[in-house]
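The next block is start_3.pdb, given as PDB, C-alpha atoms and all ligand atoms.
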ATOM      1  CA  MET A   5     -10.548 100.027  47.698  1.00  0.00           C
ATOM      2  CA  LYS A   6      -8.829  99.145  44.454  1.00  0.00           C
ATOM      3  CA  TYR A   7     -10.548  97.774  41.396  1.00  0.00           C
ATOM      4  CA  LEU A   8      -9.774  95.770  38.324  1.00  0.00           C
ATOM      5  CA  VAL A   9     -11.738  95.050  35.170  1.00  0.00           C
ATOM      6  CA  ASN A  10     -11.863  91.419  34.160  1.00  0.00           C
ATOM      7  CA  GLU A  11     -12.417  89.665  30.836  1.00  0.00           C
ATOM      8  CA  ASN A  12     -16.210  89.893  31.159  1.00  0.00           C
ATOM      9  CA  CYS A  13     -16.131  93.549  30.069  1.00  0.00           C
ATOM     10  CA  ILE A  14     -18.223  94.201  26.952  1.00  0.00           C
ATOM     11  CA  GLY A  15     -17.190  97.845  26.630  1.00  0.00           C
ATOM     12  CA  CYS A  16     -20.612  99.332  27.338  1.00  0.00           C
ATOM     13  CA  GLY A  17     -19.060 102.417  28.924  1.00  0.00           C
ATOM     14  CA  ALA A  18     -21.355 102.562  31.947  1.00  0.00           C
ATOM     15  CA  CYS A  19     -18.530 102.536  34.490  1.00  0.00           C
ATOM     16  CA  ALA A  20     -16.636 105.317  32.739  1.00  0.00           C
ATOM     17  CA  GLY A  21     -19.815 107.367  32.570  1.00  0.00           C
ATOM     18  CA  ILE A  22     -20.527 106.927  36.272  1.00  0.00           C
ATOM     19  CA  CYS A  23     -16.989 107.224  37.600  1.00  0.00           C
ATOM     20  CA  PRO A  24     -14.542 108.640  35.034  1.00  0.00           C
ATOM     21  CA  ASP A  25     -11.958 109.290  37.757  1.00  0.00           C
ATOM     22  CA  VAL A  26     -11.386 105.546  38.036  1.00  0.00           C
ATOM     23  CA  PHE A  27     -12.658 103.906  34.843  1.00  0.00           C
ATOM     24  CA  GLU A  28     -11.920 104.756  31.249  1.00  0.00           C
ATOM     25  CA  LEU A  29     -12.810 103.084  27.970  1.00  0.00           C
ATOM     26  CA  GLY A  30      -9.557 102.274  26.255  1.00  0.00           C
ATOM     27  CA  GLY A  31      -8.647 102.228  22.604  1.00  0.00           C
ATOM     28  CA  ASP A  32      -9.188  98.475  22.728  1.00  0.00           C
ATOM     29  CA  GLY A  33     -12.879  99.079  23.391  1.00  0.00           C
ATOM     30  CA  TYR A  34     -12.794  97.821  26.972  1.00  0.00           C
ATOM     31  CA  ALA A  35     -12.761  99.563  30.307  1.00  0.00           C
ATOM     32  CA  HIS A  36      -9.578 100.006  32.294  1.00  0.00           C
ATOM     33  CA  VAL A  37      -8.787 101.299  35.739  1.00  0.00           C
ATOM     34  CA  VAL A  38      -6.881 104.557  35.408  1.00  0.00           C
ATOM     35  CA  ALA A  39      -6.563 105.453  39.094  1.00  0.00           C
ATOM     36  CA  ASP A  40      -7.527 104.217  42.508  1.00  0.00           C
ATOM     37  CA  PRO A  41     -10.226 106.225  44.325  1.00  0.00           C
ATOM     38  CA  GLN A  42      -8.663 108.982  46.416  1.00  0.00           C
ATOM     39  CA  SER A  43     -11.705 110.576  48.022  1.00  0.00           C
ATOM     40  CA  ASP A  44     -14.979 109.494  49.602  1.00  0.00           C
ATOM     41  CA  THR A  45     -16.897 110.940  46.668  1.00  0.00           C
ATOM     42  CA  VAL A  46     -14.910 108.947  44.148  1.00  0.00           C
ATOM     43  CA  ARG A  47     -15.078 105.849  46.346  1.00  0.00           C
ATOM     44  CA  GLU A  48     -18.864 106.108  46.295  1.00  0.00           C
ATOM     45  CA  THR A  49     -19.110 106.584  42.538  1.00  0.00           C
ATOM     46  CA  ALA A  50     -16.629 103.761  41.908  1.00  0.00           C
ATOM     47  CA  ALA A  51     -18.756 101.433  44.025  1.00  0.00           C
ATOM     48  CA  GLU A  52     -21.803 102.609  42.103  1.00  0.00           C
ATOM     49  CA  ALA A  53     -20.022 101.870  38.822  1.00  0.00           C
ATOM     50  CA  MET A  54     -19.126  98.401  40.050  1.00  0.00           C
ATOM     51  CA  ALA A  55     -22.733  97.718  41.004  1.00  0.00           C
ATOM     52  CA  SER A  56     -23.951  99.030  37.646  1.00  0.00           C
ATOM     53  CA  CYS A  57     -21.729  96.872  35.446  1.00  0.00           C
ATOM     54  CA  PRO A  58     -24.055  94.583  33.452  1.00  0.00           C
ATOM     55  CA  THR A  59     -21.528  91.753  33.236  1.00  0.00           C
ATOM     56  CA  SER A  60     -20.000  91.928  36.728  1.00  0.00           C
ATOM     57  CA  ALA A  61     -16.663  92.721  35.102  1.00  0.00           C
ATOM     58  CA  ILE A  62     -15.486  95.031  37.888  1.00  0.00           C
ATOM     59  CA  GLU A  63     -13.839  93.314  40.827  1.00  0.00           C
ATOM     60  CA  GLU A  64     -12.253  94.525  44.007  1.00  0.00           C
ATOM     61  CA  ALA A  65      -8.527  94.090  43.568  1.00  0.00           C
TER      62      ALA A  65
HETATM   63  S1  LIG A 101     -19.667  98.785  33.022  1.00  0.00           S
HETATM   64 FE1  LIG A 101     -18.717  96.739  32.968  1.00  0.00          FE
HETATM   65  S2  LIG A 101     -19.065  95.993  30.873  1.00  0.00           S
HETATM   66 FE2  LIG A 101     -19.449  98.194  30.855  1.00  0.00          FE
HETATM   67  S3  LIG A 101     -17.459  99.093  30.223  1.00  0.00           S
HETATM   68 FE3  LIG A 101     -17.511  99.059  32.486  1.00  0.00          FE
HETATM   69  S4  LIG A 101     -16.502  97.135  33.071  1.00  0.00           S
HETATM   70 FE4  LIG A 101     -17.053  96.971  30.902  1.00  0.00          FE
END
In structure tokens, what does this structure look like?
Amino acid sequence: MKYLVNENCIGCGACAGICPDVFELGGDGYAHVVADPQSDTVRETAAEAMASCPTSAIEEA
């Protein structure tokens, strides 16, 4: 599974807090995908981050 962050991101930081291996808050104040999940553990936390996004800004790419 690959992810992308769309324009709905409000920079709350939840995704980066839940799954920092995949999501990072950038200097622009919005989340970015820094890597694709490479393990089952990271796949699970990335899916959790996607489900936790308050603005549905995380999409499957
Ligand atoms: S959880 Fe959603 S709104 Fe919050 S930083 Fe991540 S992508 Fe943006």
For the provided coordinates, the residues matched by the PyMOL selection byres (((not hetatm)) within 6 of (chain A and resi 101)) should be stated as a list in words.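 Given this file, the PyMOL selection byres (((not hetatm)) within 6 of (chain A and resi 101)) evaluates to Val9, Cys13, Ile14, Gly15, Cys16, Gly17, Ala18, Cys19, Tyr34, Ala35, Cys57, Pro58, Thr59, Ala61 and Ile62 of chain A.
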Quiz item: Just how far from CA of Glu28 in chain A is CA of Ala51 in chain A, in Å to one decimal?
Solution: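 Rounded to one decimal, the two atoms are 14.9 Å apart.
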Exercise. Tell me, as a list in words, which residues lie within 10 Å of Ala20 in chain A, counting all atoms listed in the file; anything in the same chain fewer than 6 positions away does not count.
Key: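 Result of the neighbour search: Val26, Phe27, Glu28, Leu29, Ala35, His36, Val37, Ala50 and Ala53 of chain A.
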inquiry  = Report as an MDAnalysis selection string all protein, DNA and RNA residues lying within 8 Å of range 22-25 of chain A, evaluated on only C-alpha atoms, omitting residues in the same chain fewer than 6 positions from it.
reply    = chainID A and resid 38:39 41 46 49:50 52:53
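In this model, the gap between CA of Lys6 in chain A and CA of Asp40 in chain A comes to 5.6 Å.
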Expressed in Å, the length from CA of Tyr7 in chain A to CA of Asp44 in chain A is 15.0 Å
Box time for range 14-19 of chain A: axis-aligned, enclosing all its listed atoms, 8 Å extra on each side; report centre and edge lengths in Å to one decimal, as AutoDock Vina command-line options.
--center_x -19.3 --center_y 98.4 --center_z 30.6 --size_x 20.2 --size_y 24.4 --size_z 23.9
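Distances to Asn10 in chain A were evaluated for A:Arg47, A:Ser60, A:Ala55, A:Asp32 using only C-alpha atoms, and the minimum falls at A:Ser60.
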Output range 14-25 of chain A with all heavy atoms present, as a PDB file, keeping the file's coordinate frame.
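Saved as selection_15.pdb:
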ATOM      1  N   ILE A  14     -17.716  94.138  28.324  1.00  0.00           N
ATOM      2  CA  ILE A  14     -18.223  94.201  26.952  1.00  0.00           C
ATOM      3  C   ILE A  14     -18.085  95.620  26.391  1.00  0.00           C
ATOM      4  O   ILE A  14     -18.592  95.912  25.310  1.00  0.00           O
ATOM      5  CB  ILE A  14     -19.696  93.740  26.875  1.00  0.00           C
ATOM      6  CG1 ILE A  14     -20.584  94.580  27.802  1.00  0.00           C
ATOM      7  CG2 ILE A  14     -19.800  92.249  27.203  1.00  0.00           C
ATOM      8  CD1 ILE A  14     -22.077  94.325  27.634  1.00  0.00           C
ATOM      9  N   GLY A  15     -17.449  96.504  27.136  1.00  0.00           N
ATOM     10  CA  GLY A  15     -17.190  97.845  26.630  1.00  0.00           C
ATOM     11  C   GLY A  15     -18.412  98.735  26.531  1.00  0.00           C
ATOM     12  O   GLY A  15     -18.463  99.626  25.686  1.00  0.00           O
ATOM     13  N   CYS A  16     -19.384  98.538  27.417  1.00  0.00           N
ATOM     14  CA  CYS A  16     -20.612  99.332  27.338  1.00  0.00           C
ATOM     15  C   CYS A  16     -20.402 100.791  27.748  1.00  0.00           C
ATOM     16  O   CYS A  16     -21.187 101.654  27.387  1.00  0.00           O
ATOM     17  CB  CYS A  16     -21.700  98.705  28.200  1.00  0.00           C
ATOM     18  SG  CYS A  16     -21.444  98.910  29.977  1.00  0.00           S
ATOM     19  N   GLY A  17     -19.375 101.049  28.536  1.00  0.00           N
ATOM     20  CA  GLY A  17     -19.060 102.417  28.924  1.00  0.00           C
ATOM     21  C   GLY A  17     -19.757 102.916  30.165  1.00  0.00           C
ATOM     22  O   GLY A  17     -19.535 104.059  30.580  1.00  0.00           O
ATOM     23  N   ALA A  18     -20.598 102.100  30.775  1.00  0.00           N
ATOM     24  CA  ALA A  18     -21.355 102.562  31.947  1.00  0.00           C
ATOM     25  C   ALA A  18     -20.427 102.995  33.085  1.00  0.00           C
ATOM     26  O   ALA A  18     -20.624 104.049  33.692  1.00  0.00           O
ATOM     27  CB  ALA A  18     -22.293 101.460  32.427  1.00  0.00           C
ATOM     28  N   CYS A  19     -19.422 102.211  33.363  1.00  0.00           N
ATOM     29  CA  CYS A  19     -18.530 102.536  34.490  1.00  0.00           C
ATOM     30  C   CYS A  19     -17.813 103.856  34.271  1.00  0.00           C
ATOM     31  O   CYS A  19     -17.698 104.669  35.191  1.00  0.00           O
ATOM     32  CB  CYS A  19     -17.535 101.413  34.729  1.00  0.00           C
ATOM     33  SG  CYS A  19     -16.539 100.999  33.289  1.00  0.00           S
ATOM     34  N   ALA A  20     -17.341 104.073  33.045  1.00  0.00           N
ATOM     35  CA  ALA A  20     -16.636 105.317  32.739  1.00  0.00           C
ATOM     36  C   ALA A  20     -17.575 106.509  32.822  1.00  0.00           C
ATOM     37  O   ALA A  20     -17.163 107.615  33.194  1.00  0.00           O
ATOM     38  CB  ALA A  20     -15.998 105.220  31.360  1.00  0.00           C
ATOM     39  N   GLY A  21     -18.838 106.297  32.477  1.00  0.00           N
ATOM     40  CA  GLY A  21     -19.815 107.367  32.570  1.00  0.00           C
ATOM     41  C   GLY A  21     -20.133 107.717  34.012  1.00  0.00           C
ATOM     42  O   GLY A  21     -20.310 108.880  34.355  1.00  0.00           O
ATOM     43  N   ILE A  22     -20.178 106.713  34.867  1.00  0.00           N
ATOM     44  CA  ILE A  22     -20.527 106.927  36.272  1.00  0.00           C
ATOM     45  C   ILE A  22     -19.330 107.425  37.068  1.00  0.00           C
ATOM     46  O   ILE A  22     -19.449 108.306  37.917  1.00  0.00           O
ATOM     47  CB  ILE A  22     -21.065 105.616  36.877  1.00  0.00           C
ATOM     48  CG1 ILE A  22     -22.391 105.254  36.233  1.00  0.00           C
ATOM     49  CG2 ILE A  22     -21.214 105.733  38.399  1.00  0.00           C
ATOM     50  CD1 ILE A  22     -22.876 103.842  36.544  1.00  0.00           C
ATOM     51  N   CYS A  23     -18.171 106.882  36.803  1.00  0.00           N
ATOM     52  CA  CYS A  23     -16.989 107.224  37.600  1.00  0.00           C
ATOM     53  C   CYS A  23     -15.748 107.358  36.705  1.00  0.00           C
ATOM     54  O   CYS A  23     -14.866 106.491  36.702  1.00  0.00           O
ATOM     55  CB  CYS A  23     -16.757 106.159  38.667  1.00  0.00           C
ATOM     56  SG  CYS A  23     -15.448 106.604  39.817  1.00  0.00           S
ATOM     57  N   PRO A  24     -15.666 108.456  35.959  1.00  0.00           N
ATOM     58  CA  PRO A  24     -14.542 108.640  35.034  1.00  0.00           C
ATOM     59  C   PRO A  24     -13.208 108.848  35.731  1.00  0.00           C
ATOM     60  O   PRO A  24     -12.160 108.750  35.083  1.00  0.00           O
ATOM     61  CB  PRO A  24     -14.955 109.890  34.231  1.00  0.00           C
ATOM     62  CG  PRO A  24     -15.918 110.610  35.109  1.00  0.00           C
ATOM     63  CD  PRO A  24     -16.643 109.552  35.888  1.00  0.00           C
ATOM     64  N   ASP A  25     -13.232 109.143  37.034  1.00  0.00           N
ATOM     65  CA  ASP A  25     -11.958 109.290  37.757  1.00  0.00           C
ATOM     66  C   ASP A  25     -11.233 107.955  37.889  1.00  0.00           C
ATOM     67  O   ASP A  25     -10.016 107.928  38.061  1.00  0.00           O
ATOM     68  CB  ASP A  25     -12.197 109.867  39.157  1.00  0.00           C
ATOM     69  CG  ASP A  25     -12.632 111.320  39.101  1.00  0.00           C
ATOM     70  OD1 ASP A  25     -12.030 112.075  38.336  1.00  0.00           O
ATOM     71  OD2 ASP A  25     -13.578 111.688  39.823  1.00  0.00           O
TER      72      ASP A  25
END
